[in-house]
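What follows is one structure encoded as structure tokens, with my remarks underneath.
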Amino acid sequence: MNDYSISLEISSSTAMWTRPDTGDAPVSYPAPTYAAVKGIFESILWLQQAEIMPVKVEICRPIVFHSYTTNYGGPLRKSRIMKVGASYQLIATVLVNVCYRLYADVYHDPTGDRIEPSTDKNPTRATNGAHAFKNIFERRLQRGQCFSIPCLGWSEFVPDYVGVFRLQTSVCEEITLEIPSMYKNCFLSGKRSAWAPFFYQNIKIEKGVLRYAQ
């Protein structure tokens, strides 16, 4: 972690960190992916020239999988189902009663093309853009402000808490396991790069902590 590190705690009744290899009956990874953590931070700090790089996740509740069923009515249904106006029943394996502490570094990216239309100020004009981004993030987190509602994988899985670390939260140090292959993200070189999915191999959770290789 660098001098411009940011962090938050997030919890929810349900989370879904989808494994791409599980097809139409998706199964969650036991911990959030790099891209998911990046998205949670960006839901609060979505600013021009701010680049967020997740560093690690601390798992603060036991890993518990649970069956989840919902009705899908979108365009990916089979044509015969769409003709009669029926829904497709989607069965998934999700995580329940989750809580995480998330850590990331924030950088000043002068090539960034993200613009937040709701503000007239441009923090990147500061002498140290990363320092400004860190201050903005921490101020928004304290106030409960966000650019979009954070979610834990699927958009319907919203948090019951997102904010600064709570004193009663602790890391589940009994959790140690290895994930043979874990999705990182689709854009290896940031927001201007082409689509190119990348997977970590043999990533480990040790004493409740998952660290992302950069």
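For the structure tokens, the naming scheme is as follows: chains receive sequential letters (A, B, ...) according to their order of presentation, residues are indexed from 1 within each chain, and ligands are indexed from 1 in presentation order.
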
(request) Per DSSP on the backbone, filter region 13-107 of chain A down to the residues in strand (DSSP E) and report them as a PyMOL selection string. (result) chain A and resi 13-15+50-59+65-72+88-107

Hey, can you spit out that residue selection with N, CA and C atoms as a compact mmCIF listing (two decimals), in the first residue's frame?
# COMPACT_ATOMS: atom_id res chain seq x y z
N SER A 13 -26.43 -8.98 3.61
CA SER A 13 -27.02 -10.30 3.84
C SER A 13 -26.63 -11.28 2.73
N THR A 14 -26.30 -10.75 1.54
CA THR A 14 -26.02 -11.62 0.39
C THR A 14 -24.95 -10.99 -0.51
N ALA A 15 -24.11 -11.84 -1.11
CA ALA A 15 -23.11 -11.38 -2.08
C ALA A 15 -22.94 -12.44 -3.15
N ALA A 50 -8.87 9.75 -11.60
CA ALA A 50 -8.62 8.96 -10.39
C ALA A 50 -8.58 7.48 -10.78
N GLU A 51 -7.46 6.82 -10.54
CA GLU A 51 -7.31 5.40 -10.84
C GLU A 51 -7.16 4.64 -9.53
N ILE A 52 -8.04 3.67 -9.30
CA ILE A 52 -8.04 2.89 -8.06
C ILE A 52 -7.52 1.49 -8.33
N MET A 53 -6.59 1.03 -7.51
CA MET A 53 -6.03 -0.30 -7.64
C MET A 53 -6.21 -1.06 -6.32
N PRO A 54 -7.14 -2.03 -6.28
CA PRO A 54 -7.34 -2.82 -5.05
C PRO A 54 -6.06 -3.52 -4.60
N VAL A 55 -5.87 -3.60 -3.30
CA VAL A 55 -4.67 -4.21 -2.73
C VAL A 55 -5.00 -5.52 -2.00
N LYS A 56 -6.01 -5.47 -1.12
CA LYS A 56 -6.33 -6.69 -0.37
C LYS A 56 -7.75 -6.62 0.18
N VAL A 57 -8.23 -7.79 0.61
CA VAL A 57 -9.54 -7.94 1.25
C VAL A 57 -9.34 -8.71 2.54
N GLU A 58 -9.98 -8.25 3.60
CA GLU A 58 -10.02 -9.00 4.86
C GLU A 58 -11.44 -9.53 5.03
N ILE A 59 -11.55 -10.84 5.17
CA ILE A 59 -12.86 -11.49 5.34
C ILE A 59 -13.20 -11.49 6.82
N PHE A 65 -22.06 -20.57 1.96
CA PHE A 65 -22.74 -20.60 0.67
C PHE A 65 -24.22 -20.94 0.87
N HIS A 66 -25.06 -20.45 -0.07
CA HIS A 66 -26.50 -20.68 0.05
C HIS A 66 -27.11 -20.67 -1.34
N SER A 67 -28.13 -21.49 -1.54
CA SER A 67 -28.84 -21.52 -2.83
C SER A 67 -29.73 -20.30 -2.97
N TYR A 68 -29.77 -19.76 -4.18
CA TYR A 68 -30.55 -18.55 -4.46
C TYR A 68 -31.24 -18.73 -5.80
N THR A 69 -32.53 -18.48 -5.84
CA THR A 69 -33.30 -18.63 -7.07
C THR A 69 -34.04 -17.35 -7.38
N THR A 70 -33.97 -16.92 -8.63
CA THR A 70 -34.69 -15.72 -9.06
C THR A 70 -35.22 -15.93 -10.47
N ASN A 71 -36.17 -15.12 -10.88
CA ASN A 71 -36.74 -15.21 -12.22
C ASN A 71 -36.11 -14.15 -13.11
N TYR A 72 -35.55 -14.60 -14.23
CA TYR A 72 -34.88 -13.70 -15.17
C TYR A 72 -35.81 -13.41 -16.35
N TYR A 88 -37.24 -16.95 -17.12
CA TYR A 88 -36.32 -18.07 -16.95
C TYR A 88 -35.91 -18.13 -15.48
N GLN A 89 -36.03 -19.29 -14.90
CA GLN A 89 -35.66 -19.44 -13.49
C GLN A 89 -34.16 -19.66 -13.37
N LEU A 90 -33.50 -18.69 -12.73
CA LEU A 90 -32.05 -18.72 -12.58
C LEU A 90 -31.69 -19.21 -11.18
N ILE A 91 -30.91 -20.27 -11.12
CA ILE A 91 -30.47 -20.84 -9.85
C ILE A 91 -28.99 -20.52 -9.65
N ALA A 92 -28.65 -19.97 -8.51
CA ALA A 92 -27.27 -19.59 -8.24
C ALA A 92 -26.86 -20.03 -6.84
N THR A 93 -25.55 -20.07 -6.62
CA THR A 93 -25.00 -20.35 -5.30
C THR A 93 -24.28 -19.09 -4.83
N VAL A 94 -24.82 -18.45 -3.82
CA VAL A 94 -24.33 -17.16 -3.36
C VAL A 94 -23.70 -17.28 -1.96
N LEU A 95 -23.18 -16.19 -1.47
CA LEU A 95 -22.68 -16.11 -0.10
C LEU A 95 -23.68 -15.35 0.75
N VAL A 96 -23.84 -15.74 1.99
CA VAL A 96 -24.77 -15.03 2.89
C VAL A 96 -24.04 -14.53 4.13
N ASN A 97 -24.60 -13.45 4.69
CA ASN A 97 -24.09 -12.84 5.92
C ASN A 97 -22.60 -12.51 5.81
N VAL A 98 -22.29 -11.64 4.85
CA VAL A 98 -20.89 -11.33 4.55
C VAL A 98 -20.48 -9.99 5.14
N CYS A 99 -19.19 -9.86 5.39
CA CYS A 99 -18.60 -8.60 5.85
C CYS A 99 -17.14 -8.59 5.43
N TYR A 100 -16.71 -7.47 4.86
CA TYR A 100 -15.34 -7.36 4.37
C TYR A 100 -14.75 -6.00 4.75
N ARG A 101 -13.44 -6.00 4.92
CA ARG A 101 -12.68 -4.77 4.95
C ARG A 101 -11.87 -4.72 3.65
N LEU A 102 -12.05 -3.66 2.89
CA LEU A 102 -11.43 -3.54 1.57
C LEU A 102 -10.35 -2.45 1.61
N TYR A 103 -9.25 -2.71 0.90
CA TYR A 103 -8.13 -1.77 0.85
C TYR A 103 -7.73 -1.54 -0.60
N ALA A 104 -7.35 -0.30 -0.93
CA ALA A 104 -6.91 0.02 -2.29
C ALA A 104 -5.96 1.21 -2.25
N ASP A 105 -5.21 1.38 -3.33
CA ASP A 105 -4.39 2.57 -3.52
C ASP A 105 -5.03 3.42 -4.59
N VAL A 106 -4.96 4.73 -4.44
CA VAL A 106 -5.52 5.64 -5.44
C VAL A 106 -4.37 6.43 -6.08
N TYR A 107 -4.43 6.54 -7.40
CA TYR A 107 -3.38 7.21 -8.17
C TYR A 107 -3.98 8.31 -9.04

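Counting only C-alpha atoms, Pro159 (chain A) has the following residues at most 8 Å away, ignoring those fewer than 4 positions along the same chain: Ile10, Ser11, Ser12, Ser13, Pro150, Cys151 and Leu152 of chain A.
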
(request) For Glu173 (chain A), work out the shell of residues within 12 Å, counting only C-alpha atoms and skipping chain neighbours fewer than 6 positions away, then give it as an NGL selection string. (result) :A and (58-63 or 205-210)

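The coordinates place CA of Leu8 (chain A) at 17.1 Å from CA of His131 (chain A).
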
(request) Step one, run DSSP on the backbone; step two, keep only residues of region 8-62 of chain A assigned to alpha helix (DSSP H); then write them as a PyMOL selection string. (result) chain A and resi 34-42

(request) With a distance cut-off of 10 Å and only C-alpha atoms, select the neighbouring residues of Gly163 (chain A), excluding the residue or stretch itself and same-chain residues fewer than 2 positions from it, and output the selection as JSON, numbers by chain. (result) {"A": [7, 8, 9, 10, 11, 101, 138, 140, 141, 142, 143, 144, 145, 161, 165, 166]}

Any chance you could export the current selection's N, CA and C atoms as a short mmCIF file (atom, residue, chain, number, x, y, z; two decimals), in the first residue's frame?
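Dumped everything to part20.cif:
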data_model
loop_
_atom_site.label_atom_id
_atom_site.label_comp_id
_atom_site.auth_asym_id
_atom_site.auth_seq_id
_atom_site.Cartn_x
_atom_site.Cartn_y
_atom_site.Cartn_z
N SER A 7 -9.64 2.85 2.32
CA SER A 7 -10.21 1.61 2.83
C SER A 7 -11.65 1.85 3.25
N LEU A 8 -12.40 0.76 3.34
CA LEU A 8 -13.78 0.84 3.82
C LEU A 8 -14.20 -0.53 4.32
N GLU A 9 -15.28 -0.53 5.08
CA GLU A 9 -15.91 -1.78 5.52
C GLU A 9 -17.27 -1.88 4.85
N ILE A 10 -17.62 -3.06 4.40
CA ILE A 10 -18.91 -3.26 3.75
C ILE A 10 -19.49 -4.61 4.18
N SER A 11 -20.78 -4.63 4.43
CA SER A 11 -21.44 -5.88 4.82
C SER A 11 -22.80 -5.97 4.16
N ARG A 101 -13.44 -6.00 4.92
CA ARG A 101 -12.68 -4.77 4.95
C ARG A 101 -11.87 -4.72 3.65
N GLU A 138 -12.43 9.94 1.55
CA GLU A 138 -12.66 9.82 2.99
C GLU A 138 -13.79 10.74 3.44
N ARG A 140 -16.40 11.69 1.58
CA ARG A 140 -17.65 11.10 1.11
C ARG A 140 -18.04 9.88 1.94
N LEU A 141 -17.06 9.07 2.30
CA LEU A 141 -17.35 7.88 3.10
C LEU A 141 -17.93 8.28 4.46
N GLN A 142 -17.35 9.30 5.07
CA GLN A 142 -17.84 9.77 6.37
C GLN A 142 -19.27 10.29 6.26
N ARG A 143 -19.59 10.94 5.15
CA ARG A 143 -20.91 11.55 4.97
C ARG A 143 -21.95 10.58 4.43
N GLY A 144 -21.51 9.41 3.98
CA GLY A 144 -22.43 8.47 3.38
C GLY A 144 -22.81 8.83 1.96
N GLN A 145 -21.94 9.58 1.26
CA GLN A 145 -22.20 9.99 -0.11
C GLN A 145 -21.61 8.99 -1.10
N TYR A 161 -24.40 -2.06 5.40
CA TYR A 161 -23.46 -1.10 5.97
C TYR A 161 -22.32 -0.88 4.99
N PHE A 165 -14.23 1.60 9.26
CA PHE A 165 -14.13 0.36 10.03
C PHE A 165 -14.88 0.49 11.36
N ARG A 166 -15.63 -0.56 11.71
CA ARG A 166 -16.32 -0.61 12.99
C ARG A 166 -15.46 -1.35 14.01
#

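Around Ile203 (chain A), within 10 Å and counting only C-alpha atoms, the residues found are A:Leu177, A:Glu178, A:Ile179, A:Pro180, A:Ser181, A:Met182, A:Leu210, A:Arg211, A:Tyr212, A:Ala213, once anything fewer than 5 positions away on its own chain is removed.
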
Restrict the selected residues to N, CA and C atoms and save them as a tab-separated table (two decimals), in the first residue's frame.
chain	number	residue	atom	x	y	z
A	177	LEU	N	-7.41	-20.84	2.55
A	177	LEU	CA	-7.72	-21.73	1.43
A	177	LEU	C	-7.06	-21.19	0.16
A	178	GLU	N	-7.07	-22.01	-0.88
A	178	GLU	CA	-6.47	-21.63	-2.17
A	178	GLU	C	-7.53	-21.70	-3.25
A	179	ILE	N	-7.56	-20.68	-4.10
A	179	ILE	CA	-8.48	-20.63	-5.24
A	179	ILE	C	-7.66	-20.91	-6.50
A	180	PRO	N	-7.91	-22.02	-7.21
A	180	PRO	CA	-7.07	-22.40	-8.35
A	180	PRO	C	-7.02	-21.34	-9.46
A	181	SER	N	-8.15	-20.71	-9.74
A	181	SER	CA	-8.20	-19.68	-10.77
A	181	SER	C	-9.24	-18.65	-10.37
A	182	MET	N	-8.89	-17.37	-10.43
A	182	MET	CA	-9.81	-16.32	-10.01
A	182	MET	C	-9.75	-15.15	-10.98
A	210	LEU	N	-6.98	-11.92	1.65
A	210	LEU	CA	-6.67	-12.16	0.24
A	210	LEU	C	-5.95	-10.95	-0.30
A	211	ARG	N	-4.75	-11.16	-0.85
A	211	ARG	CA	-3.96	-10.06	-1.42
A	211	ARG	C	-3.94	-10.20	-2.93
A	212	TYR	N	-4.19	-9.07	-3.63
A	212	TYR	CA	-4.19	-9.08	-5.08
A	212	TYR	C	-2.82	-8.71	-5.62
A	213	ALA	N	-2.31	-9.52	-6.53
A	213	ALA	CA	-1.06	-9.20	-7.21
A	213	ALA	C	-1.34	-8.09	-8.22

(request) Quick one: pull the distance between CA of Phe199 (chain A) and CA of Asn185 (chain A), Å, one decimal. (result) 7.5 Å

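The gap separating CA of Ile136 (chain A) from CA of Val164 (chain A) is 14.0 Å, in Å to one decimal.
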